[in-house]
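Q: First the structure, then my questions, so here it is.
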Amino acid sequence: MANRVEIRTTSSALIAMIADEDTITGFLLAGVGNVDLRRKTNYLIVDSKTTVKQIEDAFKEFTTREDVAIVLISQYVANMIRFLVDSYNKPIPAILEIPSKDHPYDPAHDSVLSRVKYLFSTESVASGRR
């Protein structure tokens, strides 16, 4: 049990988002948006002018912020920075890939789903079940 990760418990945590404008707008209307004292937001709107570097920087920022518990990222955006998403292995913030209006969800590209499948296949092999 020495390898357990300490999970911070605070009174509140944010959901960060990296997605297209329609997806971000929906979450903002639901009350998920936040702007701190330094005018930093908890979202990045990805459009045709957004560079991969900007997406990488936002992903790195959101995954290192102490006040973020979940990062929602559109799957087509996650595919642009797949190497970062797949190499991320901390439990908090959790990374969840979501579909967008113009890009359907593809379970074959979802890093969380592939990890779960791997764990269950390893577990079933280790226990002798198939």
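We label chains A, B, ... in the order they appear in the structure tokens, count residues from 1 in each chain, and number ligands from 1 in the order shown.
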Give me the stretch 81-118 of chain A side of the contact with stretch 56-72 of chain A, cut-off 12 Å, one line per residue showing its nearest atom pair and distance in Å at one decimal, counting only C-alpha atoms, sorted by chain and residue number, as a Markdown table.
A:
```
| residue | atom | partner | partner_atom | distance |
| --- | --- | --- | --- | --- |
| A:Ile81 | CA | A:Glu56 | CA | 6.6 |
| A:Arg82 | CA | A:Glu56 | CA | 10.0 |
| A:Phe83 | CA | A:Glu56 | CA | 10.0 |
| A:Leu84 | CA | A:Glu56 | CA | 7.7 |
| A:Val85 | CA | A:Phe59 | CA | 8.5 |
| A:Ser87 | CA | A:Lys60 | CA | 11.7 |
| A:Tyr88 | CA | A:Thr63 | CA | 8.7 |
| A:Asn89 | CA | A:Thr63 | CA | 10.4 |
| A:Lys90 | CA | A:Thr63 | CA | 8.9 |
| A:Pro91 | CA | A:Ala69 | CA | 9.2 |
| A:Ile92 | CA | A:Ala69 | CA | 5.7 |
| A:Pro93 | CA | A:Ala69 | CA | 4.3 |
| A:Ala94 | CA | A:Ile70 | CA | 4.7 |
| A:Ile95 | CA | A:Val71 | CA | 4.9 |
| A:Leu96 | CA | A:Leu72 | CA | 5.0 |
| A:Glu97 | CA | A:Leu72 | CA | 6.0 |
| A:Ile98 | CA | A:Leu72 | CA | 6.7 |
| A:Pro99 | CA | A:Leu72 | CA | 10.0 |
| A:Ser100 | CA | A:Leu72 | CA | 11.2 |
```
Q: Write a file of the just-selected residues containing all heavy atoms, as a compact mmCIF listing (two decimals), in the first residue's frame.
A:
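And here is the file that came out, selection-v4.txt:
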```txt
# COMPACT_ATOMS: atom_id res chain seq x y z
N ILE A 81 -2.90 15.60 -30.02
CA ILE A 81 -1.83 15.52 -29.02
C ILE A 81 -1.84 14.14 -28.36
O ILE A 81 -1.63 14.01 -27.16
CB ILE A 81 -1.96 16.65 -27.97
CG1 ILE A 81 -3.33 16.59 -27.27
CG2 ILE A 81 -1.72 18.01 -28.58
CD1 ILE A 81 -3.39 17.42 -26.01
N ARG A 82 -2.10 13.11 -29.15
CA ARG A 82 -2.26 11.75 -28.64
C ARG A 82 -1.07 11.32 -27.78
O ARG A 82 -1.23 10.66 -26.76
CB ARG A 82 -2.47 10.78 -29.80
CG ARG A 82 -2.64 9.33 -29.43
CD ARG A 82 -3.80 9.05 -28.51
NE ARG A 82 -5.07 9.49 -29.03
CZ ARG A 82 -6.15 9.62 -28.26
NH1 ARG A 82 -6.12 9.35 -26.98
NH2 ARG A 82 -7.28 10.03 -28.78
N PHE A 83 0.14 11.69 -28.16
CA PHE A 83 1.32 11.30 -27.39
C PHE A 83 1.26 11.84 -25.96
O PHE A 83 1.67 11.16 -25.03
CB PHE A 83 2.61 11.76 -28.09
CG PHE A 83 2.73 13.25 -28.23
CD1 PHE A 83 3.47 13.98 -27.33
CD2 PHE A 83 2.10 13.91 -29.27
CE1 PHE A 83 3.57 15.36 -27.43
CE2 PHE A 83 2.19 15.29 -29.40
CZ PHE A 83 2.93 16.02 -28.47
N LEU A 84 0.74 13.04 -25.77
CA LEU A 84 0.61 13.61 -24.42
C LEU A 84 -0.51 12.93 -23.64
O LEU A 84 -0.34 12.61 -22.46
CB LEU A 84 0.32 15.11 -24.50
CG LEU A 84 1.49 16.05 -24.67
CD1 LEU A 84 0.99 17.49 -24.79
CD2 LEU A 84 2.45 15.94 -23.52
N VAL A 85 -1.63 12.72 -24.29
CA VAL A 85 -2.78 12.11 -23.62
C VAL A 85 -2.44 10.68 -23.20
O VAL A 85 -2.73 10.27 -22.07
CB VAL A 85 -4.03 12.14 -24.53
CG1 VAL A 85 -5.19 11.38 -23.90
CG2 VAL A 85 -4.44 13.57 -24.84
N SER A 87 0.51 9.39 -22.63
CA SER A 87 1.59 9.31 -21.65
C SER A 87 1.17 9.84 -20.27
O SER A 87 1.88 9.62 -19.29
CB SER A 87 2.82 10.08 -22.14
OG SER A 87 2.54 11.46 -22.25
N TYR A 88 0.03 10.51 -20.19
CA TYR A 88 -0.45 11.03 -18.91
C TYR A 88 -0.96 9.87 -18.06
O TYR A 88 -1.79 9.08 -18.51
CB TYR A 88 -1.57 12.06 -19.13
CG TYR A 88 -2.04 12.68 -17.85
CD1 TYR A 88 -1.33 13.71 -17.26
CD2 TYR A 88 -3.17 12.21 -17.21
CE1 TYR A 88 -1.76 14.27 -16.07
CE2 TYR A 88 -3.60 12.76 -16.02
CZ TYR A 88 -2.89 13.79 -15.46
OH TYR A 88 -3.30 14.33 -14.28
N ASN A 89 -0.46 9.73 -16.83
CA ASN A 89 -0.83 8.57 -16.02
C ASN A 89 -1.21 8.89 -14.58
O ASN A 89 -1.23 8.01 -13.75
CB ASN A 89 0.31 7.55 -16.03
CG ASN A 89 1.60 8.12 -15.48
OD1 ASN A 89 1.63 9.25 -15.00
ND2 ASN A 89 2.66 7.35 -15.53
N LYS A 90 -1.52 10.12 -14.29
CA LYS A 90 -1.92 10.48 -12.92
C LYS A 90 -3.43 10.31 -12.76
O LYS A 90 -4.19 10.48 -13.72
CB LYS A 90 -1.52 11.92 -12.63
CG LYS A 90 -0.02 12.12 -12.64
CD LYS A 90 0.33 13.55 -12.40
CE LYS A 90 1.83 13.73 -12.51
NZ LYS A 90 2.22 15.13 -12.53
N PRO A 91 -3.88 9.98 -11.55
CA PRO A 91 -5.32 9.79 -11.35
C PRO A 91 -6.11 11.10 -11.32
O PRO A 91 -7.28 11.13 -11.68
CB PRO A 91 -5.42 9.07 -10.01
CG PRO A 91 -4.16 9.42 -9.29
CD PRO A 91 -3.12 9.63 -10.34
N ILE A 92 -5.46 12.17 -10.87
CA ILE A 92 -6.13 13.47 -10.79
C ILE A 92 -5.22 14.53 -11.36
O ILE A 92 -4.06 14.60 -10.97
CB ILE A 92 -6.51 13.81 -9.34
CG1 ILE A 92 -7.52 12.80 -8.86
CG2 ILE A 92 -7.03 15.23 -9.24
CD1 ILE A 92 -8.15 13.07 -7.55
N PRO A 93 -5.66 15.33 -12.27
CA PRO A 93 -7.01 15.33 -12.84
C PRO A 93 -7.22 14.16 -13.81
O PRO A 93 -6.29 13.74 -14.50
CB PRO A 93 -7.08 16.66 -13.58
CG PRO A 93 -5.68 17.04 -13.88
CD PRO A 93 -4.84 16.43 -12.80
N ALA A 94 -8.44 13.67 -13.83
CA ALA A 94 -8.80 12.59 -14.74
C ALA A 94 -8.99 13.19 -16.13
O ALA A 94 -9.53 14.28 -16.28
CB ALA A 94 -10.09 11.93 -14.27
N ILE A 95 -8.54 12.47 -17.15
CA ILE A 95 -8.69 12.91 -18.54
C ILE A 95 -9.82 12.11 -19.16
O ILE A 95 -9.78 10.88 -19.19
CB ILE A 95 -7.39 12.67 -19.34
CG1 ILE A 95 -6.18 13.24 -18.63
CG2 ILE A 95 -7.54 13.20 -20.76
CD1 ILE A 95 -6.22 14.73 -18.41
N LEU A 96 -10.85 12.80 -19.64
CA LEU A 96 -11.97 12.13 -20.30
C LEU A 96 -12.13 12.67 -21.71
O LEU A 96 -12.23 13.88 -21.91
CB LEU A 96 -13.26 12.37 -19.52
CG LEU A 96 -13.28 11.83 -18.08
CD1 LEU A 96 -14.58 12.22 -17.40
CD2 LEU A 96 -13.11 10.33 -18.09
N GLU A 97 -12.13 11.76 -22.67
CA GLU A 97 -12.33 12.15 -24.07
C GLU A 97 -13.82 12.11 -24.38
O GLU A 97 -14.49 11.13 -24.06
CB GLU A 97 -11.56 11.21 -24.98
CG GLU A 97 -10.06 11.31 -24.78
CD GLU A 97 -9.28 10.38 -25.67
OE1 GLU A 97 -9.74 10.08 -26.80
OE2 GLU A 97 -8.20 9.94 -25.25
N ILE A 98 -14.29 13.17 -25.01
CA ILE A 98 -15.72 13.29 -25.29
C ILE A 98 -15.92 13.53 -26.79
O ILE A 98 -15.02 14.03 -27.47
CB ILE A 98 -16.36 14.44 -24.48
CG1 ILE A 98 -15.68 15.78 -24.79
CG2 ILE A 98 -16.31 14.14 -22.98
CD1 ILE A 98 -16.35 16.99 -24.16
N PRO A 99 -17.08 13.16 -27.31
CA PRO A 99 -17.36 13.44 -28.73
C PRO A 99 -17.70 14.91 -28.93
O PRO A 99 -17.98 15.63 -27.98
CB PRO A 99 -18.57 12.55 -29.03
CG PRO A 99 -19.24 12.39 -27.72
CD PRO A 99 -18.15 12.43 -26.67
N SER A 100 -17.66 15.33 -30.16
CA SER A 100 -18.12 16.68 -30.49
C SER A 100 -19.18 16.58 -31.57
O SER A 100 -19.42 15.50 -32.12
CB SER A 100 -16.95 17.55 -30.96
OG SER A 100 -16.44 17.06 -32.18
```
Q: Just the strand (DSSP E or B) stuff from chain A, please, per backbone DSSP, written as JSON, numbers by chain.
A: {"A": [14, 15, 16, 17, 18, 19, 35, 41, 43, 44, 45, 68, 69, 70, 71, 72, 73, 74, 94, 95, 96, 97, 98]}
Q: Just N, CA and C atoms for this one: save the residues we selected as an mmCIF file, in the first residue's frame.
A:
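Output contents, as saved in selection-v7.cif:
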```
data_model
loop_
_atom_site.group_PDB
_atom_site.id
_atom_site.type_symbol
_atom_site.label_atom_id
_atom_site.label_comp_id
_atom_site.auth_asym_id
_atom_site.auth_seq_id
_atom_site.Cartn_x
_atom_site.Cartn_y
_atom_site.Cartn_z
ATOM 1 N N LEU A 14 -12.330 22.237 -10.180
ATOM 2 C CA LEU A 14 -12.850 22.659 -11.475
ATOM 3 C C LEU A 14 -12.816 21.530 -12.495
ATOM 4 N N ILE A 15 -13.634 21.688 -13.521
ATOM 5 C CA ILE A 15 -13.558 20.866 -14.718
ATOM 6 C C ILE A 15 -12.943 21.753 -15.794
ATOM 7 N N ALA A 16 -11.835 21.322 -16.368
ATOM 8 C CA ALA A 16 -11.203 22.059 -17.462
ATOM 9 C C ALA A 16 -11.649 21.423 -18.779
ATOM 10 N N MET A 17 -11.673 22.229 -19.843
ATOM 11 C CA MET A 17 -12.157 21.743 -21.134
ATOM 12 C C MET A 17 -11.260 22.209 -22.265
ATOM 13 N N ILE A 18 -11.020 21.301 -23.207
ATOM 14 C CA ILE A 18 -10.328 21.626 -24.451
ATOM 15 C C ILE A 18 -11.206 21.048 -25.550
ATOM 16 N N ALA A 19 -11.898 21.926 -26.281
ATOM 17 C CA ALA A 19 -12.872 21.439 -27.256
ATOM 18 C C ALA A 19 -13.233 22.539 -28.243
ATOM 19 N N VAL A 35 -13.054 31.988 -14.366
ATOM 20 C CA VAL A 35 -11.978 32.922 -14.667
ATOM 21 C C VAL A 35 -11.395 33.350 -13.323
ATOM 22 N N THR A 41 -8.558 31.188 -17.669
ATOM 23 C CA THR A 41 -9.798 30.426 -17.766
ATOM 24 C C THR A 41 -9.516 28.932 -17.591
ATOM 25 N N TYR A 43 -10.707 26.719 -19.764
ATOM 26 C CA TYR A 43 -11.070 26.122 -21.043
ATOM 27 C C TYR A 43 -10.220 26.702 -22.175
ATOM 28 N N LEU A 44 -10.133 25.931 -23.256
ATOM 29 C CA LEU A 44 -9.491 26.385 -24.493
ATOM 30 C C LEU A 44 -10.435 26.040 -25.630
ATOM 31 N N ILE A 45 -10.825 27.062 -26.389
ATOM 32 C CA ILE A 45 -11.656 26.848 -27.568
ATOM 33 C C ILE A 45 -10.734 26.552 -28.741
ATOM 34 N N VAL A 68 -7.887 21.786 -10.612
ATOM 35 C CA VAL A 68 -8.595 21.059 -11.666
ATOM 36 C C VAL A 68 -8.679 19.578 -11.298
ATOM 37 N N ALA A 69 -9.904 19.029 -11.315
ATOM 38 C CA ALA A 69 -10.107 17.617 -10.985
ATOM 39 C C ALA A 69 -10.349 16.762 -12.223
ATOM 40 N N ILE A 70 -10.915 17.347 -13.273
ATOM 41 C CA ILE A 70 -11.238 16.617 -14.500
ATOM 42 C C ILE A 70 -10.885 17.496 -15.688
ATOM 43 N N VAL A 71 -10.283 16.898 -16.715
ATOM 44 C CA VAL A 71 -10.037 17.589 -17.974
ATOM 45 C C VAL A 71 -10.862 16.884 -19.042
ATOM 46 N N LEU A 72 -11.833 17.593 -19.593
ATOM 47 C CA LEU A 72 -12.625 17.074 -20.706
ATOM 48 C C LEU A 72 -11.971 17.550 -21.992
ATOM 49 N N ILE A 73 -11.695 16.627 -22.899
ATOM 50 C CA ILE A 73 -11.058 16.985 -24.153
ATOM 51 C C ILE A 73 -11.789 16.283 -25.289
ATOM 52 N N SER A 74 -12.141 17.031 -26.319
ATOM 53 C CA SER A 74 -12.787 16.415 -27.475
ATOM 54 C C SER A 74 -11.838 15.398 -28.087
ATOM 55 N N ALA A 94 -8.439 13.669 -13.826
ATOM 56 C CA ALA A 94 -8.801 12.591 -14.742
ATOM 57 C C ALA A 94 -8.995 13.189 -16.131
ATOM 58 N N ILE A 95 -8.544 12.468 -17.147
ATOM 59 C CA ILE A 95 -8.692 12.910 -18.535
ATOM 60 C C ILE A 95 -9.823 12.106 -19.163
ATOM 61 N N LEU A 96 -10.849 12.796 -19.643
ATOM 62 C CA LEU A 96 -11.975 12.130 -20.297
ATOM 63 C C LEU A 96 -12.126 12.673 -21.710
ATOM 64 N N GLU A 97 -12.132 11.760 -22.670
ATOM 65 C CA GLU A 97 -12.326 12.147 -24.065
ATOM 66 C C GLU A 97 -13.817 12.107 -24.378
ATOM 67 N N ILE A 98 -14.292 13.171 -25.005
ATOM 68 C CA ILE A 98 -15.719 13.292 -25.291
ATOM 69 C C ILE A 98 -15.916 13.526 -26.787
#
```
Q: Could you list, with a cut-off of 7 Å and counting only C-alpha atoms, the residues of stretch 30-90 of chain A near stretch 102-119 of chain A, each shown with its nearest atom pair and the distance in Å rounded to one decimal, rows sorted by chain and ascending number, as a tab-separated table?
A:
```
residue	atom	partner	partner_atom	distance
A:Gln75	CA	A:Tyr105	CA	6.8
A:Tyr76	CA	A:His103	CA	6.6
A:Asp86	CA	A:Ser111	CA	6.0
```
Q: Please identify the alpha helix (DSSP H) residues within chain A (assignment by DSSP from backbone atoms) and present them as JSON, numbers by chain.
A: {"A": [21, 22, 23, 24, 25, 26, 27, 28, 29, 52, 53, 54, 55, 56, 57, 58, 59, 60, 61, 62, 63, 64, 75, 76, 77, 78, 79, 80, 82, 83, 84, 85, 86, 87, 111, 112, 113, 114, 115, 116, 117, 118, 119, 120, 121, 122, 123, 124, 125, 126]}
Q: To one decimal place in Å, what is the distance between atom CA of A:Val77 and atom CA of A:Asp47?
A: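 Distance between the two atoms: 9.9 Å.
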Q: One decimal, Å: what's the distance from atom CA of A:Phe27 over to atom CA of A:Val46, could you say?
A: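 Interatomic distance here is 14.4 Å.
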